[in-house]
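Structure file final.cif; described as mmCIF, C-alpha atoms.
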data_coords
loop_
_atom_site.label_atom_id
_atom_site.label_comp_id
_atom_site.auth_asym_id
_atom_site.auth_seq_id
_atom_site.Cartn_x
_atom_site.Cartn_y
_atom_site.Cartn_z
CA MET A 1095 -71.69 -13.29 -98.94
CA LEU A 1096 -74.51 -11.01 -100.03
CA ALA A 1097 -74.12 -9.26 -96.69
CA LEU A 1098 -70.44 -8.65 -97.43
CA PHE A 1099 -71.24 -7.36 -100.92
CA LEU A 1100 -73.85 -4.96 -99.58
CA ARG A 1101 -71.59 -3.80 -96.77
CA ASP A 1102 -68.75 -2.99 -99.16
CA ILE A 1103 -71.05 -1.18 -101.58
CA ARG A 1104 -72.45 0.83 -98.68
CA LEU A 1105 -68.95 1.67 -97.47
CA SER A 1106 -67.88 2.81 -100.92
CA ILE A 1107 -70.71 5.34 -101.19
CA ARG A 1108 -70.49 6.60 -97.62
CA ALA A 1109 -68.15 9.42 -96.65
CA GLY A 1110 -64.53 8.51 -97.26
CA GLY A 1111 -65.45 5.53 -99.40
CA GLY A 1112 -63.71 6.91 -102.45
CA ALA A 1113 -66.22 5.72 -105.07
CA LEU A 1114 -66.15 9.12 -106.76
CA ILE A 1115 -62.39 9.60 -106.64
CA GLY A 1116 -61.89 7.23 -109.57
CA VAL A 1117 -64.51 8.94 -111.71
CA ILE A 1118 -63.13 12.39 -110.98
CA PHE A 1119 -59.62 11.21 -111.81
CA PHE A 1120 -60.93 9.63 -115.02
CA LEU A 1121 -62.69 12.88 -115.94
CA ALA A 1122 -59.60 14.94 -115.16
CA VAL A 1123 -57.32 12.80 -117.34
CA ILE A 1124 -59.68 12.73 -120.32
CA ALA A 1125 -60.42 16.46 -120.04
CA THR A 1126 -56.69 17.20 -120.07
CA ILE A 1127 -55.84 15.17 -123.17
CA PRO A 1128 -57.33 17.59 -125.79
CA PHE A 1129 -55.32 20.43 -124.27
CA GLY A 1130 -52.14 18.43 -124.59
CA VAL A 1131 -52.77 16.85 -127.97
CA GLY A 1132 -54.22 19.96 -129.56
CA PRO A 1133 -57.54 20.62 -131.29
CA ASP A 1134 -56.99 18.11 -134.09
CA LEU A 1135 -60.40 16.40 -134.16
CA ASN A 1136 -59.35 13.55 -136.42
CA LEU A 1137 -56.38 12.71 -134.25
CA LEU A 1138 -58.52 12.85 -131.10
CA SER A 1139 -61.12 10.50 -132.49
CA ARG A 1140 -58.40 8.13 -133.65
CA ILE A 1141 -56.66 7.89 -130.26
CA GLY A 1142 -59.97 8.19 -128.34
CA PRO A 1143 -60.53 4.49 -127.49
CA ALA A 1144 -56.91 4.03 -126.38
CA ILE A 1145 -56.99 7.14 -124.20
CA LEU A 1146 -60.28 6.09 -122.62
CA TRP A 1147 -58.87 2.66 -121.88
CA ILE A 1148 -55.59 3.92 -120.42
CA ALA A 1149 -57.37 6.49 -118.26
CA ALA A 1150 -59.86 3.88 -117.05
CA LEU A 1151 -57.02 1.47 -116.28
CA LEU A 1152 -55.21 4.07 -114.17
CA ALA A 1153 -58.44 5.10 -112.45
CA CYS A 1154 -59.08 1.43 -111.63
CA LEU A 1155 -55.69 1.12 -109.96
CA LEU A 1156 -56.31 4.22 -107.90
CA GLY A 1157 -58.60 2.79 -105.23
CA LEU A 1158 -57.18 -0.72 -105.12
CA ASP A 1159 -54.88 -0.21 -102.15
CA ARG A 1160 -57.87 0.22 -99.85
CA LEU A 1161 -59.45 -3.07 -100.94
CA PHE A 1162 -58.02 -5.06 -98.02
CA GLN A 1163 -56.12 -2.42 -96.12
CA ALA A 1164 -59.22 -0.80 -94.64
CA ASP A 1165 -60.37 -4.19 -93.39
CA ARG A 1166 -56.96 -4.93 -91.98
CA GLU A 1167 -56.74 -1.66 -90.09
CA ASP A 1168 -59.97 -2.21 -88.17
CA GLY A 1169 -59.46 -5.92 -87.60
CA SER A 1170 -62.22 -7.12 -89.93
CA LEU A 1171 -59.71 -8.91 -92.12
CA ASP A 1172 -58.79 -11.29 -89.27
CA LEU A 1173 -62.41 -12.33 -88.96
CA LEU A 1174 -62.82 -12.71 -92.72
CA VAL A 1175 -59.75 -14.95 -92.80
CA LEU A 1176 -60.99 -16.94 -89.80
CA SER A 1177 -64.32 -17.58 -91.53
CA ASN A 1178 -62.48 -19.66 -94.12
CA ASP A 1179 -64.32 -22.85 -93.17
CA ARG A 1180 -67.75 -21.28 -93.68
CA HIS A 1181 -66.94 -18.98 -96.56
CA MET A 1182 -63.93 -20.03 -98.59
CA LEU A 1183 -61.51 -17.13 -98.48
CA ALA A 1184 -61.16 -16.98 -102.27
CA LEU A 1185 -64.93 -16.50 -102.57
CA THR A 1186 -64.82 -13.80 -99.92
CA VAL A 1187 -62.14 -12.07 -101.98
CA LEU A 1188 -64.20 -12.51 -105.15
CA THR A 1189 -67.18 -10.93 -103.43
CA LYS A 1190 -65.07 -8.02 -102.26
CA CYS A 1191 -63.73 -7.59 -105.80
CA LEU A 1192 -67.22 -7.55 -107.26
CA ALA A 1193 -68.36 -5.01 -104.68
CA HIS A 1194 -65.29 -2.90 -105.37
CA TRP A 1195 -65.92 -3.11 -109.08
CA THR A 1196 -69.59 -2.17 -108.70
CA GLY A 1197 -68.83 0.68 -106.33
CA SER A 1198 -65.75 2.23 -107.90
CA VAL A 1199 -65.27 0.95 -111.46
CA LEU A 1200 -68.81 0.67 -112.81
CA PRO A 1201 -69.21 4.47 -112.51
CA LEU A 1202 -66.20 4.78 -114.85
CA VAL A 1203 -67.90 2.59 -117.43
CA VAL A 1204 -71.05 4.69 -117.12
CA ALA A 1205 -69.06 7.91 -117.50
CA ALA A 1206 -67.04 6.62 -120.46
CA PRO A 1207 -69.64 7.39 -123.20
CA LEU A 1208 -69.87 11.00 -122.04
CA LEU A 1209 -66.11 11.35 -122.01
CA GLY A 1210 -65.99 9.70 -125.44
CA LEU A 1211 -67.73 12.83 -126.72
CA PHE A 1212 -64.79 14.88 -125.44
CA MET A 1213 -62.58 12.81 -127.70
CA ASN A 1214 -64.79 13.39 -130.77
CA MET A 1215 -65.53 9.68 -131.09
CA GLU A 1216 -68.37 8.43 -133.25
CA PRO A 1217 -71.37 6.73 -131.57
CA LEU A 1218 -70.38 3.22 -132.66
CA GLY A 1219 -66.85 3.67 -131.30
CA ILE A 1220 -68.18 5.05 -128.04
CA GLY A 1221 -70.53 2.10 -127.67
CA ALA A 1222 -67.80 -0.41 -128.44
CA THR A 1223 -65.36 1.19 -126.00
CA ALA A 1224 -67.97 1.27 -123.22
CA LEU A 1225 -68.79 -2.38 -123.89
CA THR A 1226 -65.15 -3.46 -123.82
CA LEU A 1227 -64.63 -1.48 -120.62
CA LEU A 1228 -67.65 -3.20 -119.09
CA ILE A 1229 -66.26 -6.64 -119.95
CA GLY A 1230 -62.58 -5.89 -119.41
CA THR A 1231 -62.35 -3.81 -116.24
CA PRO A 1232 -63.38 -6.65 -113.88
CA ALA A 1233 -60.18 -8.40 -114.98
CA ILE A 1234 -58.16 -5.41 -113.78
CA THR A 1235 -59.90 -5.53 -110.41
CA PHE A 1236 -59.21 -9.27 -110.06
CA ILE A 1237 -55.49 -8.91 -110.80
CA GLY A 1238 -55.45 -5.84 -108.61
CA ALA A 1239 -56.86 -7.85 -105.72
CA ALA A 1240 -53.84 -10.13 -105.83
CA GLY A 1241 -51.55 -7.08 -105.78
CA ALA A 1242 -53.55 -5.48 -102.99
CA ALA A 1243 -53.35 -8.67 -100.93
CA VAL A 1244 -49.58 -8.86 -101.31
CA ALA A 1245 -49.14 -5.23 -100.29
CA VAL A 1246 -51.81 -5.24 -97.57
CA ALA A 1247 -49.34 -4.87 -94.71
CA LEU A 1248 -47.49 -1.94 -96.25
CA PRO A 1249 -48.65 1.44 -95.01
CA ARG A 1250 -48.12 3.16 -98.36
CA GLY A 1251 -48.63 0.25 -100.67
CA GLY A 1252 -50.72 2.09 -103.28
CA LEU A 1253 -47.88 2.85 -105.65
CA LEU A 1254 -46.35 -0.59 -105.17
CA ILE A 1255 -49.67 -2.20 -106.11
CA SER A 1256 -49.83 -0.13 -109.29
CA VAL A 1257 -46.29 -1.12 -110.24
CA LEU A 1258 -46.95 -4.79 -109.44
CA VAL A 1259 -50.25 -4.92 -111.25
CA LEU A 1260 -49.68 -2.73 -114.28
CA PRO A 1261 -47.56 -5.22 -116.29
CA LEU A 1262 -50.17 -7.92 -115.69
CA THR A 1263 -52.96 -5.72 -116.99
CA ILE A 1264 -51.24 -5.11 -120.33
CA PRO A 1265 -52.97 -8.03 -122.11
CA VAL A 1266 -56.34 -6.73 -120.94
CA LEU A 1267 -55.46 -3.28 -122.26
CA ILE A 1268 -54.24 -4.63 -125.60
CA PHE A 1269 -57.33 -6.70 -126.31
CA GLY A 1270 -59.70 -4.06 -124.94
CA VAL A 1271 -58.28 -1.39 -127.20
CA SER A 1272 -58.01 -3.63 -130.26
CA ALA A 1273 -61.65 -4.70 -129.87
CA SER A 1274 -62.69 -1.06 -129.56
CA TYR A 1275 -60.78 -0.21 -132.75
CA GLY A 1276 -62.14 -3.29 -134.48
CA ALA A 1277 -65.67 -1.94 -134.14
CA VAL A 1278 -64.93 1.20 -136.12
CA ALA A 1279 -61.88 0.56 -138.28
CA GLU A 1280 -62.29 -1.95 -141.09
CA PRO A 1281 -60.87 -4.52 -141.70
CA ALA A 1282 -59.74 -5.05 -138.10
CA PRO A 1283 -61.98 -7.63 -136.39
CA PHE A 1284 -64.09 -6.82 -133.33
CA LEU A 1285 -65.33 -10.21 -132.19
CA GLN A 1286 -62.03 -12.08 -131.80
CA PRO A 1287 -60.24 -9.63 -129.49
CA PHE A 1288 -63.53 -9.08 -127.64
CA LEU A 1289 -63.89 -12.80 -126.94
CA ILE A 1290 -60.27 -13.02 -125.77
CA LEU A 1291 -60.99 -10.08 -123.48
CA ALA A 1292 -63.99 -11.92 -122.03
CA ALA A 1293 -61.87 -15.04 -121.61
CA LEU A 1294 -59.20 -13.03 -119.79
CA THR A 1295 -61.81 -11.71 -117.38
CA LEU A 1296 -63.15 -15.19 -116.67
CA PHE A 1297 -59.68 -16.64 -116.26
CA LEU A 1298 -58.58 -13.90 -113.89
CA ALA A 1299 -61.84 -14.12 -111.94
CA VAL A 1300 -60.54 -17.51 -110.79
CA LEU A 1301 -56.81 -16.88 -110.60
CA GLY A 1302 -56.89 -13.40 -108.99
CA PRO A 1303 -59.02 -14.26 -105.93
CA LEU A 1304 -57.15 -17.55 -105.39
CA ALA A 1305 -53.80 -15.76 -105.43
CA ALA A 1306 -55.14 -12.98 -103.21
CA ALA A 1307 -56.56 -15.48 -100.71
CA LEU A 1308 -53.21 -17.25 -100.54
CA ALA A 1309 -51.41 -13.96 -99.94
CA LEU A 1310 -53.91 -12.90 -97.27
CA ARG A 1311 -53.65 -16.21 -95.42
CA HIS A 1312 -49.89 -15.85 -95.17
CA GLY A 1313 -49.98 -12.16 -94.56
CA THR A 1314 -51.80 -12.21 -91.22
CA ASP A 1315 -49.63 -11.27 -88.30
CA MET B 156 -66.64 -30.06 -77.22
CA ARG B 157 -63.03 -29.86 -76.05
CA LEU B 158 -60.25 -27.43 -76.89
CA ILE B 159 -56.86 -29.07 -76.71
CA ALA B 160 -53.39 -27.62 -77.17
CA GLU B 161 -50.36 -29.85 -77.23
CA ASN B 162 -46.82 -28.65 -76.79
CA LEU B 163 -47.74 -25.34 -78.40
CA GLY B 164 -45.04 -22.89 -79.40
CA GLY B 165 -45.23 -19.54 -81.08
CA GLU B 166 -42.73 -17.15 -82.53
CA ARG B 167 -42.70 -13.56 -83.64
CA GLY B 168 -40.19 -12.38 -86.21
CA GLY B 169 -38.13 -15.55 -85.85
CA GLU B 170 -37.87 -15.30 -82.07
CA THR B 171 -39.60 -17.83 -79.87
CA VAL B 172 -42.15 -16.07 -77.66
CA PHE B 173 -43.46 -19.13 -75.87
CA SER B 174 -43.08 -22.88 -76.21
CA GLY B 175 -44.18 -26.17 -74.78
CA ILE B 176 -47.61 -25.00 -73.67
CA GLY B 177 -50.33 -27.57 -73.31
CA PHE B 178 -53.87 -27.31 -71.98
CA LYS B 179 -57.19 -29.07 -72.24
CA LEU B 180 -60.41 -27.19 -71.77
CA GLU B 181 -63.68 -29.04 -71.32
CA LYS B 182 -67.16 -27.60 -71.77
CA GLY B 183 -67.73 -24.65 -69.50
CA GLU B 184 -64.08 -24.20 -68.62
CA ALA B 185 -62.06 -21.04 -68.99
CA LEU B 186 -58.39 -20.23 -69.27
CA ILE B 187 -56.97 -16.89 -68.21
CA VAL B 188 -53.65 -15.99 -69.79
CA THR B 189 -51.63 -13.41 -67.91
CA GLY B 190 -48.16 -12.03 -68.19
CA PRO B 191 -46.29 -8.77 -68.57
CA ASN B 192 -46.50 -6.66 -71.72
CA GLY B 193 -44.72 -8.35 -74.57
CA ALA B 194 -44.98 -11.78 -72.98
CA GLY B 195 -46.82 -13.06 -76.03
CA LYS B 196 -50.43 -13.10 -74.85
CA SER B 197 -51.80 -11.78 -78.13
CA THR B 198 -49.50 -14.02 -80.15
CA PHE B 199 -50.74 -16.96 -78.07
CA LEU B 200 -54.37 -16.15 -78.89
CA ARG B 201 -53.62 -15.60 -82.57
CA VAL B 202 -51.83 -18.94 -82.74
CA ILE B 203 -54.82 -20.65 -81.14
CA ALA B 204 -57.20 -18.96 -83.57
CA GLY B 205 -55.02 -20.01 -86.47
CA LEU B 206 -54.16 -16.48 -87.60
CA LEU B 207 -50.49 -17.22 -86.99
CA PRO B 208 -48.91 -20.57 -87.74
CA ALA B 209 -47.80 -22.48 -84.65
CA ALA B 210 -44.03 -22.85 -84.48
CA GLU B 211 -44.54 -26.25 -82.89
CA GLY B 212 -47.34 -28.38 -81.55
CA ARG B 213 -50.99 -27.99 -82.45
CA VAL B 214 -54.41 -26.87 -81.28
CA THR B 215 -57.51 -28.88 -82.01
CA VAL B 216 -61.17 -29.01 -81.12
CA GLU B 217 -62.76 -32.35 -80.39
CA GLY B 218 -66.41 -33.21 -80.54
CA GLY B 219 -67.34 -30.29 -82.75
CA GLY B 220 -68.75 -32.58 -85.41
CA GLU B 221 -68.74 -31.73 -89.09
CA ASP B 222 -69.92 -28.17 -88.59
CA LEU B 223 -66.92 -27.17 -86.52
CA PRO B 224 -63.91 -28.92 -87.99
CA SER B 225 -61.30 -26.40 -86.88
CA VAL B 226 -60.62 -24.06 -84.01
CA ALA B 227 -61.21 -21.08 -86.32
CA SER B 228 -64.70 -22.25 -87.24
CA ALA B 229 -65.62 -22.91 -83.60
CA SER B 230 -64.32 -19.60 -82.28
CA HIS B 231 -65.17 -16.01 -81.84
CA TYR B 232 -61.97 -14.01 -81.92
CA LEU B 233 -62.16 -10.65 -80.18
CA GLY B 234 -58.86 -8.96 -80.84
CA HIS B 235 -57.72 -5.59 -79.62
CA LEU B 236 -59.21 -4.11 -82.78
CA ASN B 237 -62.97 -3.94 -82.91
CA ALA B 238 -63.54 -5.09 -86.52
CA MET B 239 -66.30 -2.54 -87.00
CA LYS B 240 -66.61 0.10 -89.72
CA THR B 241 -66.71 3.67 -88.45
CA ALA B 242 -68.72 4.86 -91.45
CA LEU B 243 -71.58 2.41 -90.83
CA SER B 244 -74.06 2.53 -87.98
CA VAL B 245 -73.69 0.11 -85.09
CA GLU B 246 -76.75 -1.79 -86.29
CA GLU B 247 -75.44 -2.11 -89.85
CA ASN B 248 -72.13 -3.39 -88.51
CA LEU B 249 -73.77 -6.01 -86.32
CA ASP B 250 -76.28 -6.97 -89.01
CA PHE B 251 -73.38 -7.64 -91.33
CA TRP B 252 -71.46 -9.82 -88.88
CA ARG B 253 -74.61 -11.65 -87.92
CA ALA B 254 -75.33 -12.49 -91.55
CA PHE B 255 -71.72 -13.21 -92.48
CA GLN B 256 -70.70 -15.33 -89.52
CA GLY B 257 -73.84 -17.43 -89.64
CA GLU B 258 -75.49 -19.38 -86.83
CA PRO B 259 -77.38 -16.35 -85.62
CA GLY B 260 -77.72 -15.92 -81.88
CA LEU B 261 -79.39 -12.92 -80.30
CA GLY B 262 -81.02 -10.29 -82.47
CA VAL B 263 -79.03 -7.11 -83.00
CA GLU B 264 -81.37 -4.96 -80.89
CA GLU B 265 -81.35 -7.53 -78.09
CA ALA B 266 -77.56 -7.88 -78.18
CA LEU B 267 -77.15 -4.11 -77.92
CA GLU B 268 -79.58 -4.08 -74.97
CA THR B 269 -77.46 -6.77 -73.32
CA VAL B 270 -74.27 -4.76 -73.51
CA GLY B 271 -76.05 -1.59 -72.42
CA LEU B 272 -76.12 0.16 -75.79
CA GLY B 273 -79.88 -0.09 -76.30
CA GLY B 274 -81.20 2.74 -78.45
CA LEU B 275 -77.77 3.66 -79.83
CA GLY B 276 -77.88 1.28 -82.79
CA HIS B 277 -78.65 4.01 -85.30
CA LEU B 278 -75.45 5.97 -84.50
CA PRO B 279 -72.43 5.63 -86.77
CA PHE B 280 -69.88 3.44 -85.04
CA GLY B 281 -67.34 6.25 -85.32
CA TYR B 282 -69.40 8.46 -82.97
CA LEU B 283 -69.08 6.03 -80.04
CA SER B 284 -66.58 6.43 -77.23
CA THR B 285 -63.81 3.89 -76.70
CA GLY B 286 -65.76 1.97 -74.07
CA GLN B 287 -68.94 2.00 -76.13
CA ARG B 288 -67.01 0.71 -79.13
CA ARG B 289 -65.70 -2.13 -77.05
CA ARG B 290 -69.21 -2.93 -75.87
CA ALA B 291 -70.52 -2.91 -79.45
CA SER B 292 -67.68 -5.26 -80.31
CA ILE B 293 -68.70 -7.53 -77.42
CA ALA B 294 -72.24 -7.49 -78.81
CA LYS B 295 -70.68 -9.07 -81.91
CA LEU B 296 -69.96 -12.17 -79.78
CA LEU B 297 -73.65 -12.47 -79.04
CA VAL B 298 -75.20 -12.07 -82.49
CA SER B 299 -73.77 -15.34 -83.76
CA ARG B 300 -73.06 -18.51 -81.82
CA ARG B 301 -69.62 -19.95 -81.32
CA PRO B 302 -68.69 -22.40 -78.55
CA VAL B 303 -65.19 -20.99 -78.06
CA TRP B 304 -64.49 -17.36 -77.24
CA LEU B 305 -60.92 -16.15 -77.73
CA LEU B 306 -60.67 -12.79 -76.03
CA ASP B 307 -57.72 -10.44 -76.20
CA GLU B 308 -57.92 -7.81 -73.46
CA PRO B 309 -61.72 -7.88 -73.69
CA THR B 310 -62.31 -5.31 -70.97
CA ALA B 311 -59.83 -2.68 -72.13
CA GLY B 312 -61.58 0.67 -71.92
CA LEU B 313 -64.67 -0.62 -70.14
CA ASP B 314 -66.04 1.00 -66.97
CA LYS B 315 -66.82 -0.92 -63.75
CA THR B 316 -70.48 -1.53 -64.61
CA SER B 317 -69.68 -2.82 -68.09
CA GLU B 318 -66.92 -5.04 -66.72
CA GLU B 319 -69.39 -6.65 -64.36
CA ARG B 320 -71.95 -6.98 -67.11
CA PHE B 321 -69.32 -8.64 -69.31
CA ALA B 322 -68.36 -10.99 -66.47
CA GLY B 323 -72.04 -11.96 -66.36
CA LEU B 324 -72.04 -12.63 -70.10
CA MET B 325 -69.00 -14.85 -69.80
CA ARG B 326 -70.62 -16.72 -66.91
CA GLY B 327 -73.70 -17.28 -69.05
CA HIS B 328 -71.57 -18.49 -71.95
CA ARG B 329 -69.80 -21.01 -69.72
CA GLN B 330 -73.04 -22.24 -68.23
CA GLU B 331 -74.24 -23.01 -71.74
CA GLY B 332 -71.15 -25.15 -72.22
CA GLY B 333 -68.94 -22.58 -73.87
CA ILE B 334 -65.17 -22.35 -73.55
CA ILE B 335 -63.30 -19.12 -72.93
CA VAL B 336 -59.64 -18.30 -73.43
CA ALA B 337 -58.90 -14.75 -72.34
CA ALA B 338 -55.65 -12.83 -72.31
CA THR B 339 -55.73 -10.02 -69.83
CA HIS B 340 -54.00 -8.26 -67.01
CA LEU B 341 -57.21 -7.07 -65.41
CA PRO B 342 -59.29 -9.38 -63.21
CA LEU B 343 -62.20 -10.63 -65.30
CA GLY B 344 -64.30 -12.15 -62.54
CA LEU B 345 -64.13 -15.65 -64.01
CA GLN B 346 -64.56 -18.14 -61.20
CA GLY B 347 -62.77 -21.46 -61.27
CA ALA B 348 -60.82 -20.54 -64.37
CA LYS B 349 -57.51 -22.16 -65.12
CA GLY B 350 -54.53 -19.86 -65.17
CA LEU B 351 -51.58 -19.63 -67.47
CA VAL B 352 -48.74 -17.21 -66.92
CA LEU B 353 -46.59 -16.32 -69.89
CA GLY B 354 -43.21 -14.93 -68.92
CA MET B 355 -40.58 -13.23 -70.99
CA THR B 356 -38.52 -16.42 -70.88
CA GLY B 357 -41.40 -18.57 -72.07
#
Represent the structure of the file as structure tokens.
Amino acid sequence: MLALFLRDIRLSIRAGGGALIGVIFFLAVIATIPFGVGPDLNLLSRIGPAILWIAALLACLLGLDRLFQADREDGSLDLLVLSNDRHMLALTVLTKCLAHWTGSVLPLVVAAPLLGLFMNMEPLGIGATALTLLIGTPAITFIGAAGAAVAVALPRGGLLISVLVLPLTIPVLIFGVSASYGAVAEPAPFLQPFLILAALTLFLAVLGPLAAALALRHGTD
Amino acid sequence: MRLIAENLGGERGGETVFSGIGFKLEKGEALIVTGPNGAGKSTFLRVIAGLLPAAEGRVTVEGGGEDLPSVASASHYLGHLNAMKTALSVEENLDFWRAFQGEPGLGVEEALETVGLGGLGHLPFGYLSTGQRRRASIAKLLVSRRPVWLLDEPTAGLDKTSEERFAGLMRGHRQEGGIIVAATHLPLGLQGAKGLVLGMTG
């Protein structure tokens, strides 16, 4: 399993891995917002957490279609599925999700504080948003894995995955943003939405890989 | 260790490709599956491996003990795709499969030597020619141990020397009590192998 994790991390940073695509997209979206919204600093800092979250969510969805498709195209997926008796397929999927998250989504979380400055957010708000992104984005990857597994056989499944997955990520978005607001805006609470966010991540860490494994098992042809 | 298929049938897209196939392979035995293009050779191998559900009948291994409960766990499946990442070096690819598949056999360096790719392990897999890729993929069979080899056109793209070398590898595998099921339309140099001809009519 560690070998699989390391292989996927290595692939994501090698040429064509696409680890940077998400960050660049994230940067592009956030950098565009002030031009569209206008130079109203108060407004920017008020919508800052929400914009960061939405941009991160979209950037997360960007690389998901390659999660299983690359393995399918070169035949690795067959061998991963066949190893089911040694490494339960759901755990294999979980490992791939974690590697994908570390390789492609963690850079977004790291970049978020810097981009928070673009949105004129205060330090506490930036910290809270980065923390909620750190806790919440794995959930998006786990749901995304299920979508990616369903669409693995489709040559241009990227958009389909986004459409399939986006409605399911709405709770994550809602609690992520409300926790971020809770940290700065009294009297809104921080801890309660944050804990629900953590619970969502844990819940989906089980459900997502199981659903993805099921889809992959039936998707081999 | 025995590989047994009973009354096996497979279908593709709702159409029966083959049906009523049975065989029993003991230790050291091999089965060569031949037939024209589209006869269902690949489907046959994928059904045996468990990648496709059997339309009827079943395939089982006997005598594998607790470690090898199913055909999938007892088998190496070498499909027509190589299952190697072009962005990683040959060594990294093989290291990964060796660690992931478990039950390590030959070392990576040694396996590459065996297939005649010694000294090329540091190259990215994408730089290799078709035949070299196939050989690297064959090296994957050697880095972890499996009693059953399911081979789909294993020698496609190989030159004469490599074909003979691969025939030697298969001989060695059978002598150690391994079982081979190979789909091919090229002679593989397997002596005393059982034959199975898949026709368009099943």
Exercise for the section: Would you write out, as a list in words, every residue that the PyMOL selection byres ((chain B) within 6 of (chain A)) captures in this file? Expected result: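 That expression, the PyMOL selection byres ((chain B) within 6 of (chain A)), corresponds here to Ala227, Ser228, Leu236, Ala238 and Phe251 of chain B.
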Produce a file of the selected residues containing C-alpha atoms, as a short mmCIF file (atom, residue, chain, number, x, y, z; two decimals), in the coordinates of the input.
data_model
loop_
_atom_site.label_atom_id
_atom_site.label_comp_id
_atom_site.auth_asym_id
_atom_site.auth_seq_id
_atom_site.Cartn_x
_atom_site.Cartn_y
_atom_site.Cartn_z
CA ALA B 227 -61.21 -21.08 -86.32
CA SER B 228 -64.70 -22.25 -87.24
CA LEU B 236 -59.21 -4.11 -82.78
CA ALA B 238 -63.54 -5.09 -86.52
CA PHE B 251 -73.38 -7.64 -91.33
#
Exercise for the section: For the structure shown, which residues end up in the PyMOL selection byres ((chain B and resi 330) around 12)? Put them as a ChimeraX atom specification, please? Expected result: /B:181-185,302,323-329,331-335,345-346
Export of prior selection with C-alpha atoms as a compact mmCIF listing (two decimals), keeping the file's coordinate frame:
# COMPACT_ATOMS: atom_id res chain seq x y z
CA GLU B 181 -63.68 -29.04 -71.32
CA LYS B 182 -67.16 -27.60 -71.77
CA GLY B 183 -67.73 -24.65 -69.50
CA GLU B 184 -64.08 -24.20 -68.62
CA ALA B 185 -62.06 -21.04 -68.99
CA PRO B 302 -68.69 -22.40 -78.55
CA GLY B 323 -72.04 -11.96 -66.36
CA LEU B 324 -72.04 -12.63 -70.10
CA MET B 325 -69.00 -14.85 -69.80
CA ARG B 326 -70.62 -16.72 -66.91
CA GLY B 327 -73.70 -17.28 -69.05
CA HIS B 328 -71.57 -18.49 -71.95
CA ARG B 329 -69.80 -21.01 -69.72
CA GLU B 331 -74.24 -23.01 -71.74
CA GLY B 332 -71.15 -25.15 -72.22
CA GLY B 333 -68.94 -22.58 -73.87
CA ILE B 334 -65.17 -22.35 -73.55
CA ILE B 335 -63.30 -19.12 -72.93
CA LEU B 345 -64.13 -15.65 -64.01
CA GLN B 346 -64.56 -18.14 -61.20
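Note that atom CA of B:Gly177 and atom CA of B:Lys349 are 12.2 Å apart.
Residue nearest A:Pro1265 within the list A:Leu1308, A:Ala1240, A:Ile1148, A:Leu1291: A:Leu1291 [criterion: smallest interatomic distance, all atoms listed in the file].
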Practice task
Calculate how many Å separate atom CA of A:Gly1230 from atom CA of A:Ala1299, rounding to one decimal.
Solution key: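 Separation between atom CA of A:Gly1230 and atom CA of A:Ala1299: 11.1 Å.
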Exercise for the section: Could you list the residues chosen by the PyMOL selection byres ((chain B and resi 265-269) around 8) in this structure as a PyMOL selection string? Expected result: chain B and resi 261-264+270-274+276+291+294-295+297-298
Practice task
Might you pull out every residue within 10 Å of B:Lys196, with only C-alpha atoms counted and same-chain residues fewer than 6 positions away left off, and present them as a PyMOL selection string?
Solution key: chain B and resi 172-173+188-190+202+307-308+337-340+351-354
The selected residues should be written to file as a short mmCIF file (atom, residue, chain, number, x, y, z; two decimals), in the frame of the given file (atoms: C-alpha atoms).
data_model
loop_
_atom_site.label_atom_id
_atom_site.label_comp_id
_atom_site.auth_asym_id
_atom_site.auth_seq_id
_atom_site.Cartn_x
_atom_site.Cartn_y
_atom_site.Cartn_z
CA VAL B 172 -42.15 -16.07 -77.66
CA PHE B 173 -43.46 -19.13 -75.87
CA VAL B 188 -53.65 -15.99 -69.79
CA THR B 189 -51.63 -13.41 -67.91
CA GLY B 190 -48.16 -12.03 -68.19
CA VAL B 202 -51.83 -18.94 -82.74
CA ASP B 307 -57.72 -10.44 -76.20
CA GLU B 308 -57.92 -7.81 -73.46
CA ALA B 337 -58.90 -14.75 -72.34
CA ALA B 338 -55.65 -12.83 -72.31
CA THR B 339 -55.73 -10.02 -69.83
CA HIS B 340 -54.00 -8.26 -67.01
CA LEU B 351 -51.58 -19.63 -67.47
CA VAL B 352 -48.74 -17.21 -66.92
CA LEU B 353 -46.59 -16.32 -69.89
CA GLY B 354 -43.21 -14.93 -68.92
#
Problem - Contacts of A:Trp1195 at 12 Å (all atoms listed in the file; same-chain gap of 2+ positions) as a PyMOL selection string - result: chain A and resi 1099+1102-1103+1106+1113+1116+1153-1155+1157-1158+1161+1188-1193+1197-1203+1227-1236+1238-1239
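With only C-alpha atoms taken into account, every residue lying no more than 9 Å from the file point (-53.5, -14.4, -79.3) is included here: Gly195, Lys196, Ser197, Thr198, Phe199, Leu200, Arg201, Val202, Ile203, Ala204, Leu206, Leu207, Tyr232, Gly234, Leu305, Leu306, Asp307, Ala337 and Ala338 of chain B.
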Exercise for the section: Quick one: pull the distance between atom CA of A:Val1271 and atom CA of A:Ala1150, Å, one decimal. Expected result: 11.5 Å
Problem - Proximity to B:Leu249 - best of B:Gly169, B:Gly164, B:Pro279, B:Gly347, only C-alpha atoms - result: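 Looking only at the distances to B:Leu249, the closest residue turns out to be B:Pro279.
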Exercise for the section: Find, counting all atoms listed in the file, the residue in A:Ile1118, A:Ala1306, A:Val1300, A:Leu1267 that gets nearest to A:Ala1243. Expected result: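 So, comparing all the options, the nearest one is A:Ala1306.
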Handout entry: Contact residues around B:Ser225 with only C-alpha atoms at 7 Å, ignoring same-chain residues under 4 positions, as a PyMOL selection string
Key = chain B and resi 215-216+229
Could you dump the residues just selected with C-alpha atoms as a compact mmCIF listing (two decimals), in the coordinates of the input?
# COMPACT_ATOMS: atom_id res chain seq x y z
CA THR B 215 -57.51 -28.88 -82.01
CA VAL B 216 -61.17 -29.01 -81.12
CA ALA B 229 -65.62 -22.91 -83.60
